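Note: the block below is input_2.cif and it holds mmCIF, C-alpha atoms.
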```cif
data_work
#
loop_
_atom_site.label_atom_id
_atom_site.label_comp_id
_atom_site.auth_asym_id
_atom_site.auth_seq_id
_atom_site.Cartn_x
_atom_site.Cartn_y
_atom_site.Cartn_z
CA MET X 1 -31.84 11.37 5.41
CA THR X 2 -28.25 12.33 5.67
CA SER X 3 -26.68 12.57 9.02
CA HIS X 4 -23.62 14.70 8.76
CA SER X 5 -21.46 15.52 11.73
CA SER X 6 -24.37 14.56 13.92
CA ASP X 7 -22.30 13.14 16.73
CA GLY X 8 -18.89 13.29 18.32
CA ASP X 9 -17.50 10.80 15.85
CA HIS X 10 -17.14 13.41 13.23
CA HIS X 11 -13.89 15.25 13.36
CA ASP X 12 -14.18 18.87 12.51
CA HIS X 13 -11.63 20.04 10.10
CA ASP X 14 -12.19 23.68 9.43
CA HIS X 15 -8.51 24.05 10.28
CA HIS X 16 -7.75 21.67 7.47
CA ASP X 17 -6.77 23.33 4.25
CA ASN X 18 -4.98 21.75 1.39
CA HIS X 19 -1.45 20.67 1.85
CA PHE X 20 1.14 19.24 -0.49
CA SER X 21 3.94 17.19 0.93
CA GLU X 22 7.41 18.04 -0.32
CA MET X 23 7.26 15.08 -2.68
CA GLN X 24 3.79 15.84 -4.02
CA ALA X 25 4.91 19.39 -4.77
CA ARG X 26 8.17 18.23 -6.33
CA VAL X 27 6.33 15.90 -8.70
CA LYS X 28 3.91 18.70 -9.61
CA ALA X 29 6.93 20.94 -10.30
CA LEU X 30 8.43 18.33 -12.62
CA GLU X 31 5.09 17.91 -14.33
CA THR X 32 4.77 21.68 -14.82
CA VAL X 33 8.22 22.03 -16.36
CA LEU X 34 7.89 18.98 -18.58
CA THR X 35 4.47 20.13 -19.78
CA GLN X 36 5.79 23.60 -20.59
CA LYS X 37 8.59 22.00 -22.59
CA GLY X 38 6.07 19.92 -24.52
CA LEU X 39 7.58 16.66 -23.29
CA ILE X 40 4.52 15.33 -21.53
CA ASP X 41 0.78 15.81 -21.66
CA PRO X 42 -0.68 15.87 -18.14
CA ALA X 43 -3.97 14.40 -19.38
CA ALA X 44 -2.12 11.44 -20.87
CA ILE X 45 -0.20 10.96 -17.62
CA ASP X 46 -3.46 11.00 -15.65
CA ALA X 47 -5.00 8.50 -18.03
CA ILE X 48 -2.16 6.03 -17.49
CA VAL X 49 -2.12 6.63 -13.75
CA ASP X 50 -5.83 5.80 -13.76
CA THR X 51 -5.11 2.38 -15.21
CA TYR X 52 -3.50 1.59 -11.86
CA GLU X 53 -6.32 2.81 -9.72
CA THR X 54 -8.30 -0.42 -9.90
CA LYS X 55 -5.34 -2.72 -10.25
CA ILE X 56 -3.16 -2.22 -7.27
CA GLY X 57 -4.19 -0.68 -4.02
CA PRO X 58 -7.81 -1.74 -3.78
CA ARG X 59 -6.94 -5.40 -3.32
CA ASN X 60 -5.56 -4.50 0.09
CA GLY X 61 -8.86 -3.01 1.16
CA ALA X 62 -10.79 -5.91 -0.35
CA ARG X 63 -8.80 -8.33 1.78
CA VAL X 64 -9.57 -6.26 4.86
CA VAL X 65 -13.28 -6.46 4.05
CA ALA X 66 -13.20 -10.20 3.29
CA LYS X 67 -11.46 -10.88 6.58
CA ALA X 68 -14.01 -8.78 8.46
CA TRP X 69 -16.84 -10.73 6.82
CA SER X 70 -15.24 -14.05 7.73
CA GLU X 71 -13.84 -13.40 11.20
CA PRO X 72 -16.07 -11.70 13.77
CA ASP X 73 -13.10 -11.01 16.03
CA PHE X 74 -11.32 -9.17 13.26
CA ALA X 75 -14.52 -7.25 12.47
CA ASP X 76 -14.70 -6.14 16.11
CA TRP X 77 -11.07 -5.08 16.08
CA LEU X 78 -11.66 -3.18 12.86
CA ARG X 79 -14.66 -1.45 14.39
CA ASN X 80 -12.74 -0.41 17.49
CA ASP X 81 -9.30 0.32 16.10
CA ALA X 82 -9.19 0.19 12.33
CA THR X 83 -5.70 1.69 12.19
CA ALA X 84 -4.21 -1.22 14.15
CA ALA X 85 -6.40 -3.92 12.58
CA ILE X 86 -5.46 -2.81 9.06
CA ALA X 87 -1.80 -2.39 9.99
CA SER X 88 -1.81 -6.00 11.26
CA LEU X 89 -2.24 -7.05 7.63
CA GLY X 90 0.78 -5.01 6.64
CA TYR X 91 -1.07 -2.16 4.98
CA THR X 92 0.23 1.04 6.47
CA GLY X 93 0.28 4.50 5.05
CA ARG X 94 3.54 6.31 5.14
CA GLN X 95 2.10 9.36 6.83
CA GLY X 96 0.70 7.41 9.73
CA GLU X 97 -2.81 8.49 9.00
CA HIS X 98 -5.60 7.12 11.15
CA MET X 99 -8.17 4.87 9.59
CA ARG X 100 -11.71 4.34 10.64
CA ALA X 101 -13.90 1.55 9.30
CA VAL X 102 -17.59 2.36 8.91
CA PHE X 103 -19.88 -0.65 8.52
CA ASN X 104 -22.88 -0.65 6.24
CA THR X 105 -25.97 -2.19 7.80
CA ALA X 106 -29.56 -2.69 6.74
CA GLU X 107 -30.30 0.66 8.41
CA THR X 108 -27.33 2.75 7.30
CA HIS X 109 -25.31 3.12 4.14
CA ASN X 110 -21.99 4.94 4.45
CA LEU X 111 -20.44 7.23 1.87
CA VAL X 112 -17.00 8.81 2.02
CA VAL X 113 -16.09 12.15 0.49
CA CYS X 114 -13.18 14.54 0.15
CA THR X 115 -10.21 14.13 -1.95
CA LEU X 116 -8.81 17.18 -3.52
CA CYS X 117 -6.44 17.39 -0.66
CA SER X 118 -4.49 14.53 0.75
CA CYS X 119 -7.54 12.90 2.27
CA TYR X 120 -7.64 9.48 0.75
CA PRO X 121 -6.47 6.18 2.24
CA TRP X 122 -4.11 5.26 -0.58
CA SER X 123 -2.48 2.42 1.24
CA VAL X 124 -5.79 0.58 1.47
CA LEU X 125 -7.87 1.82 -1.44
CA GLY X 126 -5.16 2.50 -3.99
CA LEU X 127 -5.28 5.58 -6.16
CA PRO X 128 -8.36 7.75 -6.02
CA PRO X 129 -10.65 7.51 -9.03
CA VAL X 130 -10.88 10.58 -11.26
CA TRP X 131 -14.50 11.30 -10.36
CA TYR X 132 -13.59 11.24 -6.68
CA LYS X 133 -11.17 14.10 -7.31
CA ALA X 134 -13.76 16.14 -9.18
CA PRO X 135 -15.14 19.15 -7.30
CA PRO X 136 -18.82 18.30 -8.00
CA TYR X 137 -18.57 14.93 -6.29
CA ARG X 138 -17.62 16.28 -2.92
CA SER X 139 -20.16 19.06 -2.78
CA ARG X 140 -22.99 17.00 -4.20
CA ALA X 141 -22.26 13.97 -2.04
CA VAL X 142 -22.94 16.10 1.01
CA ILE X 143 -26.03 17.87 -0.38
CA ASP X 144 -27.61 15.07 -2.38
CA PRO X 145 -26.02 11.71 -1.60
CA ARG X 146 -28.99 9.76 -2.93
CA GLY X 147 -28.71 11.55 -6.28
CA VAL X 148 -24.98 10.86 -6.45
CA LEU X 149 -25.55 7.19 -5.67
CA ALA X 150 -28.23 7.00 -8.37
CA GLU X 151 -25.64 8.19 -10.89
CA PHE X 152 -23.47 5.27 -9.83
CA GLY X 153 -26.44 2.98 -10.40
CA VAL X 154 -26.99 2.40 -6.72
CA THR X 155 -30.53 2.54 -5.41
CA LEU X 156 -30.83 1.91 -1.71
CA PRO X 157 -33.86 0.37 -0.05
CA GLU X 158 -36.47 2.85 1.11
CA GLY X 159 -35.70 3.84 4.67
CA GLN X 160 -31.99 3.07 4.61
CA LYS X 161 -30.19 6.13 5.89
CA ILE X 162 -27.12 7.54 4.18
CA ARG X 163 -24.33 8.72 6.34
CA VAL X 164 -21.66 10.90 4.73
CA TRP X 165 -18.13 10.90 6.14
CA ASP X 166 -15.84 13.75 5.23
CA SER X 167 -12.24 12.61 5.35
CA THR X 168 -9.55 14.77 6.80
CA ALA X 169 -5.79 14.66 6.52
CA GLU X 170 -5.73 13.00 9.93
CA LEU X 171 -8.60 10.55 9.64
CA ARG X 172 -9.58 8.51 6.62
CA TYR X 173 -12.42 6.10 6.13
CA ILE X 174 -13.01 2.73 4.59
CA VAL X 175 -16.57 1.54 4.11
CA ILE X 176 -17.18 -2.11 4.99
CA PRO X 177 -19.99 -3.06 2.60
CA GLU X 178 -22.60 -5.60 3.57
CA ARG X 179 -21.70 -9.18 2.77
CA PRO X 180 -23.73 -10.33 -0.25
CA ALA X 181 -26.28 -13.08 0.27
CA GLY X 182 -25.39 -16.61 -0.76
CA THR X 183 -21.68 -16.32 -0.02
CA ASP X 184 -21.53 -18.57 3.06
CA GLY X 185 -19.26 -21.17 1.50
CA LEU X 186 -16.71 -18.77 0.03
CA ASP X 187 -13.16 -18.43 1.29
CA GLN X 188 -11.57 -15.03 1.87
CA GLU X 189 -9.87 -14.83 -1.52
CA ALA X 190 -13.19 -15.49 -3.29
CA LEU X 191 -14.94 -12.99 -1.02
CA ALA X 192 -12.29 -10.36 -1.74
CA ASP X 193 -13.11 -10.66 -5.44
CA LEU X 194 -16.61 -9.39 -4.67
CA VAL X 195 -15.30 -6.22 -2.99
CA THR X 196 -14.96 -3.36 -5.45
CA ARG X 197 -13.14 -0.14 -4.78
CA ASP X 198 -16.38 1.78 -5.12
CA SER X 199 -17.99 -0.41 -2.47
CA MET X 200 -15.27 0.67 -0.04
CA ILE X 201 -15.95 4.35 -0.80
CA GLY X 202 -19.68 3.79 -0.58
CA THR X 203 -20.52 4.64 -4.18
CA GLY X 204 -21.15 0.97 -4.86
CA LEU X 205 -22.16 -2.25 -3.18
CA ALA X 206 -20.23 -5.49 -2.98
CA ARG X 207 -20.90 -7.64 -6.02
CA SER X 208 -23.10 -10.70 -5.88
CA THR X 209 -21.55 -14.07 -6.68
CA GLU X 210 -23.10 -13.95 -10.16
CA GLU X 211 -21.53 -10.56 -10.88
CA GLY X 212 -18.27 -11.73 -9.38
CA ARG X 213 -17.87 -14.49 -11.91
CA MET B 1 1.41 -3.74 -17.66
CA ASN B 2 3.68 -5.26 -20.28
CA ALA B 3 4.50 -1.84 -21.71
CA PHE B 4 6.25 -1.03 -18.45
CA GLU B 5 8.43 -4.10 -18.33
CA PRO B 6 11.53 -2.24 -19.56
CA THR B 7 10.97 0.33 -16.82
CA LEU B 8 10.74 -2.42 -14.26
CA ALA B 9 13.92 -3.98 -15.57
CA ALA B 10 15.73 -0.64 -15.43
CA SER B 11 14.48 0.14 -11.93
CA PRO B 12 15.99 -2.22 -9.37
CA GLY B 13 14.09 -2.57 -6.12
CA LEU B 14 10.82 -1.16 -7.43
CA PRO B 15 8.05 -2.29 -5.05
CA LYS B 16 5.91 -4.86 -6.88
CA SER B 17 2.76 -6.82 -6.22
CA HIS B 18 2.57 -10.61 -6.38
CA GLU B 19 1.38 -10.17 -9.95
CA GLY B 20 4.50 -8.20 -10.80
CA ASP B 21 2.82 -4.80 -11.15
CA PRO B 22 4.44 -1.79 -9.56
CA VAL B 23 2.93 -0.81 -6.23
CA PHE B 24 2.35 2.81 -5.36
CA ALA B 25 1.48 4.05 -1.92
CA GLU B 26 0.42 7.47 -3.15
CA PRO B 27 -0.65 9.00 -6.45
CA TRP B 28 2.46 11.15 -6.84
CA GLN B 29 4.52 7.99 -6.97
CA ALA B 30 2.48 6.68 -9.89
CA GLU B 31 2.73 10.10 -11.57
CA ALA B 32 6.51 10.10 -11.23
CA PHE B 33 6.65 6.56 -12.56
CA VAL B 34 4.46 7.32 -15.56
CA MET B 35 6.30 10.56 -16.38
CA THR B 36 9.55 8.61 -16.43
CA VAL B 37 8.07 6.05 -18.83
CA ARG B 38 6.78 8.83 -21.12
CA LEU B 39 10.12 10.67 -21.16
CA HIS B 40 11.86 7.49 -22.15
CA GLU B 41 9.28 6.88 -24.90
CA LYS B 42 10.02 10.39 -26.17
CA GLY B 43 13.68 9.50 -26.35
CA VAL B 44 14.66 12.04 -23.70
CA PHE B 45 16.88 9.45 -22.01
CA SER B 46 17.78 5.79 -22.41
CA TRP B 47 17.03 3.08 -19.88
CA SER B 48 20.69 2.75 -19.06
CA GLU B 49 20.85 6.48 -18.29
CA TRP B 50 17.78 6.10 -16.10
CA ALA B 51 19.12 3.02 -14.32
CA GLU B 52 22.34 4.84 -13.57
CA ALA B 53 20.56 7.95 -12.22
CA LEU B 54 18.23 5.86 -10.07
CA SER B 55 21.00 3.64 -8.72
CA HIS B 56 22.99 6.72 -7.80
CA GLU B 57 20.11 7.90 -5.58
CA LEU B 58 19.25 4.45 -4.23
CA TYR B 59 22.79 3.80 -3.04
CA LYS B 60 23.24 7.13 -1.34
CA PRO B 61 23.89 6.83 2.39
CA GLY B 62 21.03 7.67 4.74
CA ARG B 63 18.31 5.67 3.03
CA ARG B 64 15.44 4.52 5.21
CA ALA B 65 15.85 0.95 6.44
CA ASP B 66 12.34 0.02 5.32
CA ALA B 67 12.97 1.42 1.80
CA GLY B 68 9.86 3.58 2.25
CA ASP B 69 11.75 6.38 0.53
CA TYR B 70 12.11 4.45 -2.72
CA PHE B 71 10.05 6.93 -4.70
CA ASP B 72 11.74 9.88 -3.02
CA CYS B 73 14.90 8.52 -4.63
CA TRP B 74 12.99 8.04 -7.87
CA VAL B 75 11.96 11.69 -7.95
CA ALA B 76 15.45 12.84 -7.01
CA ALA B 77 16.85 10.76 -9.88
CA LEU B 78 14.32 12.14 -12.34
CA SER B 79 15.01 15.72 -11.19
CA ARG B 80 18.74 15.23 -11.57
CA LEU B 81 18.41 13.67 -14.98
CA VAL B 82 16.25 16.48 -16.38
CA THR B 83 18.62 19.11 -15.02
CA GLU B 84 21.68 17.28 -16.36
CA LEU B 85 19.94 17.17 -19.74
CA SER B 86 19.44 20.97 -19.45
CA ILE B 87 15.67 20.66 -19.70
CA THR B 88 15.42 22.81 -16.61
CA SER B 89 17.53 23.92 -13.66
CA GLN B 90 17.46 22.65 -10.11
CA ALA B 91 16.76 26.21 -8.95
CA HIS B 92 13.72 26.49 -11.19
CA LEU B 93 12.43 23.12 -9.96
CA ASN B 94 12.90 24.24 -6.36
CA ASP B 95 11.03 27.50 -7.02
CA LEU B 96 8.17 25.63 -8.64
CA THR B 97 8.05 23.12 -5.80
CA GLN B 98 7.66 25.92 -3.26
CA SER B 99 5.13 27.62 -5.47
CA TRP B 100 3.00 24.47 -5.59
CA GLN B 101 3.20 24.15 -1.81
CA ARG B 102 2.06 27.77 -1.33
CA ALA B 103 -0.69 27.20 -3.89
CA ALA B 104 -1.90 24.16 -1.96
CA GLU B 105 -1.95 26.02 1.36
CA ALA B 106 -3.83 28.92 -0.24
CA THR B 107 -6.49 26.69 -1.79
CA PRO B 108 -9.56 26.16 0.35
CA HIS B 109 -10.55 22.64 1.32
CA GLY B 110 -12.59 21.02 -1.41
CA LYS B 111 -11.29 23.20 -4.27
CA PRO B 112 -8.83 21.99 -6.90
CA ILE B 113 -5.25 22.98 -6.29
CA LEU B 114 -3.90 25.09 -9.16
CA LEU B 115 -0.49 26.68 -9.55
CA GLU B 116 -2.05 30.10 -10.10
CA ASN B 117 -3.47 29.90 -6.56
CA ASP B 118 0.04 30.60 -5.27
CA PRO B 119 -0.19 34.10 -3.75
CA GLY B 120 3.55 34.53 -4.34
CA ARG B 121 3.28 34.23 -8.11
#
```

Can the structure from this file be put into structure tokens for me?
Amino acid sequence: MTSHSSDGDHHDHDHHDNHFSEMQARVKALETVLTQKGLIDPAAIDAIVDTYETKIGPRNGARVVAKAWSEPDFADWLRNDATAAIASLGYTGRQGEHMRAVFNTAETHNLVVCTLCSCYPWSVLGLPPVWYKAPPYRSRAVIDPRGVLAEFGVTLPEGQKIRVWDSTAELRYIVIPERPAGTDGLDQEALADLVTRDSMIGTGLARSTEEGR
Amino acid sequence: MNAFEPTLAASPGLPKSHEGDPVFAEPWQAEAFVMTVRLHEKGVFSWSEWAEALSHELYKPGRRADAGDYFDCWVAALSRLVTELSITSQAHLNDLTQSWQRAAEATPHGKPILLENDPGR
């Protein structure tokens, strides 16, 4: 079952249409001109940009997750005021967007959607993956989250609910995956290595210690 | 990211991770960075030309104290360089910038933003 905007936590955003900041638009303008002049190929640019998506930003989010796994007080803070808890680690977005951390449990798996606009917590998760920007992902994640997860190779236990969170320009989400079994002795750096970007979007789970090796 | 080392060398103050990779807060910053690398590879400008253009913007008065506008300067430098090289004009870039902004506003939530969505075009 998908519970979507089933309680007051969900922020409506029918007022929210796409918006480009001055800088986003300026870069698109440069890209348009340079493409028309045959100096760049936008697909090639995207391909190189994608090489950064897993390398840079996501470590910030992984450290947030590892700390939440290790320190119950931090987990509580994150649950109650993710914006402040994440900012305390020095990871702040330049637009002052609000963050909310949604915790996976045995009962509920969380999945975050929306991207084509400016709705992605770059400062924590890094650059959005290409598939996340693709129109089918957003629509299908809402209609058929279990099917989308299956395509990512994720099969959830029977009975675990999926909750879909639609980001807005004002409020962005980070999924706190469940801590893998058998990780009691690990320090936060080792734990962070188990936290993939996809697990913080909800299209994956944290890796086990075997996979993390 | 060894291929980008010359870019890093020619770009003083570029935010970097502990591992020495450039750090981007938003995708447009990475796009601007990668476009700059590609233009240099194409021989459009030299690293010394780039370094000079970037420094000019970085040392302008009125920078933010936290250097959070580093990539704003980057884009300004890139814009200036391509206009100085007569690849385009500042006016054309400004028009296109506004066109992209109108296109974004006119595109419904959840749909890809395309330049042809600009109602003013």

(request) Find the residues with any atom within 9 Å of (2.7, 19.7, -10.1); use all atoms listed in the file and the coordinates as given in the file, and write the answer as a list in words. (result) Gln24, Ala25, Arg26, Val27, Lys28, Ala29, Leu30, Glu31, Thr32 and Val33 of chain X; Leu96, Thr97, Trp100, Leu114 and Leu115 of chain B

Using only C-alpha atoms, which residues of stretch 29-104 of chain X come within 10 Å of stretch 168-176 of chain X, and what is the closest atom pair for each, with the distance in Å to one decimal? Give it as a tab-separated table, sorted by chain and residue number.
```
residue	atom	partner	partner_atom	distance
X:Gly61	CA	X:Ile174	CA	7.9
X:Ala62	CA	X:Ile176	CA	9.2
X:Val64	CA	X:Ile176	CA	8.7
X:Val65	CA	X:Ile176	CA	5.9
X:Ala66	CA	X:Ile176	CA	9.2
X:Ala68	CA	X:Ile176	CA	8.2
X:Trp69	CA	X:Ile176	CA	8.8
X:Ala75	CA	X:Ile176	CA	9.5
X:Leu78	CA	X:Ile176	CA	9.7
X:Arg79	CA	X:Ile176	CA	9.8
X:Ala82	CA	X:Ile174	CA	9.0
X:Thr83	CA	X:Arg172	CA	9.6
X:Gln95	CA	X:Glu170	CA	9.2
X:Gly96	CA	X:Glu170	CA	8.5
X:Glu97	CA	X:Glu170	CA	5.5
X:His98	CA	X:Leu171	CA	4.8
X:Met99	CA	X:Arg172	CA	4.9
X:Arg100	CA	X:Tyr173	CA	4.9
X:Ala101	CA	X:Ile174	CA	4.9
X:Val102	CA	X:Val175	CA	5.0
X:Phe103	CA	X:Ile176	CA	4.7
X:Asn104	CA	X:Ile176	CA	6.0
```

(request) Write out as a list in words each polymer residue whose atoms come within 10 Å of stretch 178-183 of chain X, counting only C-alpha atoms; drop sequence neighbours fewer than 5 positions from it. (result)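 Counting only the stated atoms, we get Val65, Ala66, Ala68, Trp69, Ser70, Phe103, Asn104, Thr105, Ala106, His109, Ala190, Leu191, Leu194, Val195, Ser199, Leu205, Ala206, Arg207, Ser208 and Thr209 of chain X.
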
Counting all atoms listed in the file, which residues of chain B come no farther than 7 Å from chain X, as an mmCIF file with C-alpha atoms, keeping the file's coordinate frame?
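So the final result, stored in result_17.cif, reads:
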```cif
data_model
loop_
_atom_site.group_PDB
_atom_site.id
_atom_site.type_symbol
_atom_site.label_atom_id
_atom_site.label_comp_id
_atom_site.auth_asym_id
_atom_site.auth_seq_id
_atom_site.Cartn_x
_atom_site.Cartn_y
_atom_site.Cartn_z
ATOM 1 C CA VAL B 23 2.930 -0.810 -6.230
ATOM 2 C CA ALA B 25 1.480 4.050 -1.920
ATOM 3 C CA GLU B 26 0.420 7.470 -3.150
ATOM 4 C CA PRO B 27 -0.650 9.000 -6.450
ATOM 5 C CA TRP B 28 2.460 11.150 -6.840
ATOM 6 C CA ALA B 30 2.480 6.680 -9.890
ATOM 7 C CA GLU B 31 2.730 10.100 -11.570
ATOM 8 C CA ALA B 32 6.510 10.100 -11.230
ATOM 9 C CA VAL B 34 4.460 7.320 -15.560
ATOM 10 C CA MET B 35 6.300 10.560 -16.380
ATOM 11 C CA ARG B 38 6.780 8.830 -21.120
ATOM 12 C CA LEU B 39 10.120 10.670 -21.160
ATOM 13 C CA ASP B 72 11.740 9.880 -3.020
ATOM 14 C CA LEU B 93 12.430 23.120 -9.960
ATOM 15 C CA LEU B 96 8.170 25.630 -8.640
ATOM 16 C CA THR B 97 8.050 23.120 -5.800
ATOM 17 C CA TRP B 100 3.000 24.470 -5.590
ATOM 18 C CA GLN B 101 3.200 24.150 -1.810
ATOM 19 C CA ALA B 104 -1.900 24.160 -1.960
ATOM 20 C CA GLU B 105 -1.950 26.020 1.360
ATOM 21 C CA THR B 107 -6.490 26.690 -1.790
ATOM 22 C CA PRO B 108 -9.560 26.160 0.350
ATOM 23 C CA HIS B 109 -10.550 22.640 1.320
ATOM 24 C CA GLY B 110 -12.590 21.020 -1.410
ATOM 25 C CA LYS B 111 -11.290 23.200 -4.270
ATOM 26 C CA PRO B 112 -8.830 21.990 -6.900
#
```

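Going from atom CA of X:Ile86 over to atom CA of X:Asp166, you cover 19.9 Å.
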
(request) Quick one: pull the distance between atom CA of X:Arg163 and atom CA of X:Asp184, Å, one decimal. (result) 27.6 Å

(request) Counting all atoms listed in the file, figure out which residue out of B:Glu49, B:Asp66, B:Glu41, B:Asp95 gets nearest to B:Gly13. (result)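 Using all atoms listed in the file, the shortest distance to B:Gly13 belongs to B:Asp66.
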
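Of the residues listed (B:Ala76, B:Phe45, B:Tyr70, B:His92), B:Tyr70 shows the shortest atom-to-atom separation from B:Phe24; distances use all atoms listed in the file.
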
(request) Take atom CA of X:Arg140 and atom CA of X:Ile201 and report the distance between them in Å, one decimal. (result) 14.9 Å

(request) Name the residues captured by the PyMOL selection byres ((chain X and resi 146) around 10) when it is applied to the shown file; answer as a list in words. (result)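 On the file shown, the PyMOL selection byres ((chain X and resi 146) around 10) covers Met1, Thr2, Arg140, Ala141, Val142, Ile143, Asp144, Pro145, Gly147, Val148, Leu149, Ala150, Glu151, Phe152, Val154, Thr155, Leu156, Lys161, Ile162 and Thr203 of chain X.
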
Atoms kept (C-alpha atoms) for selection, written as a PDB file, keeping the file's coordinate frame:
```pdb
ATOM      1  CA  MET X   1     -31.840  11.370   5.410  1.00  0.00           C
ATOM      2  CA  THR X   2     -28.250  12.330   5.670  1.00  0.00           C
ATOM      3  CA  ARG X 140     -22.990  17.000  -4.200  1.00  0.00           C
ATOM      4  CA  ALA X 141     -22.260  13.970  -2.040  1.00  0.00           C
ATOM      5  CA  VAL X 142     -22.940  16.100   1.010  1.00  0.00           C
ATOM      6  CA  ILE X 143     -26.030  17.870  -0.380  1.00  0.00           C
ATOM      7  CA  ASP X 144     -27.610  15.070  -2.380  1.00  0.00           C
ATOM      8  CA  PRO X 145     -26.020  11.710  -1.600  1.00  0.00           C
ATOM      9  CA  GLY X 147     -28.710  11.550  -6.280  1.00  0.00           C
ATOM     10  CA  VAL X 148     -24.980  10.860  -6.450  1.00  0.00           C
ATOM     11  CA  LEU X 149     -25.550   7.190  -5.670  1.00  0.00           C
ATOM     12  CA  ALA X 150     -28.230   7.000  -8.370  1.00  0.00           C
ATOM     13  CA  GLU X 151     -25.640   8.190 -10.890  1.00  0.00           C
ATOM     14  CA  PHE X 152     -23.470   5.270  -9.830  1.00  0.00           C
ATOM     15  CA  VAL X 154     -26.990   2.400  -6.720  1.00  0.00           C
ATOM     16  CA  THR X 155     -30.530   2.540  -5.410  1.00  0.00           C
ATOM     17  CA  LEU X 156     -30.830   1.910  -1.710  1.00  0.00           C
ATOM     18  CA  LYS X 161     -30.190   6.130   5.890  1.00  0.00           C
ATOM     19  CA  ILE X 162     -27.120   7.540   4.180  1.00  0.00           C
ATOM     20  CA  THR X 203     -20.520   4.640  -4.180  1.00  0.00           C
TER      21      THR X 203
END
```

(request) Go through the shown structure with the PyMOL selection byres ((chain B and resi 52) around 12) and write out the matching residues as a list in words. (result) Ala10, Ser11, Pro12, Phe45, Ser46, Trp47, Ser48, Glu49, Trp50, Ala51, Ala53, Leu54, Ser55, His56, Glu57, Leu58, Tyr59, Trp74, Ala77, Leu78, Arg80 and Leu81 of chain B

Would you mind exporting the chosen residues as a PDB file, keeping the file's coordinate frame, restricted to C-alpha atoms?
```pdb
ATOM      1  CA  ALA B  10      15.730  -0.640 -15.430  1.00  0.00           C
ATOM      2  CA  SER B  11      14.480   0.140 -11.930  1.00  0.00           C
ATOM      3  CA  PRO B  12      15.990  -2.220  -9.370  1.00  0.00           C
ATOM      4  CA  PHE B  45      16.880   9.450 -22.010  1.00  0.00           C
ATOM      5  CA  SER B  46      17.780   5.790 -22.410  1.00  0.00           C
ATOM      6  CA  TRP B  47      17.030   3.080 -19.880  1.00  0.00           C
ATOM      7  CA  SER B  48      20.690   2.750 -19.060  1.00  0.00           C
ATOM      8  CA  GLU B  49      20.850   6.480 -18.290  1.00  0.00           C
ATOM      9  CA  TRP B  50      17.780   6.100 -16.100  1.00  0.00           C
ATOM     10  CA  ALA B  51      19.120   3.020 -14.320  1.00  0.00           C
ATOM     11  CA  ALA B  53      20.560   7.950 -12.220  1.00  0.00           C
ATOM     12  CA  LEU B  54      18.230   5.860 -10.070  1.00  0.00           C
ATOM     13  CA  SER B  55      21.000   3.640  -8.720  1.00  0.00           C
ATOM     14  CA  HIS B  56      22.990   6.720  -7.800  1.00  0.00           C
ATOM     15  CA  GLU B  57      20.110   7.900  -5.580  1.00  0.00           C
ATOM     16  CA  LEU B  58      19.250   4.450  -4.230  1.00  0.00           C
ATOM     17  CA  TYR B  59      22.790   3.800  -3.040  1.00  0.00           C
ATOM     18  CA  TRP B  74      12.990   8.040  -7.870  1.00  0.00           C
ATOM     19  CA  ALA B  77      16.850  10.760  -9.880  1.00  0.00           C
ATOM     20  CA  LEU B  78      14.320  12.140 -12.340  1.00  0.00           C
ATOM     21  CA  ARG B  80      18.740  15.230 -11.570  1.00  0.00           C
ATOM     22  CA  LEU B  81      18.410  13.670 -14.980  1.00  0.00           C
TER      23      LEU B  81
END
```

Padding 4 Å on every side, please: axis-aligned box over the listed atoms of stretch 61-68 of chain X, centre and edge lengths to one decimal in Å, as lines of an AutoDock Vina configuration file.
```
center_x = -11.4
center_y = -6.9
center_z = 4.1
size_x = 13.2
size_y = 15.9
size_z = 16.8
```
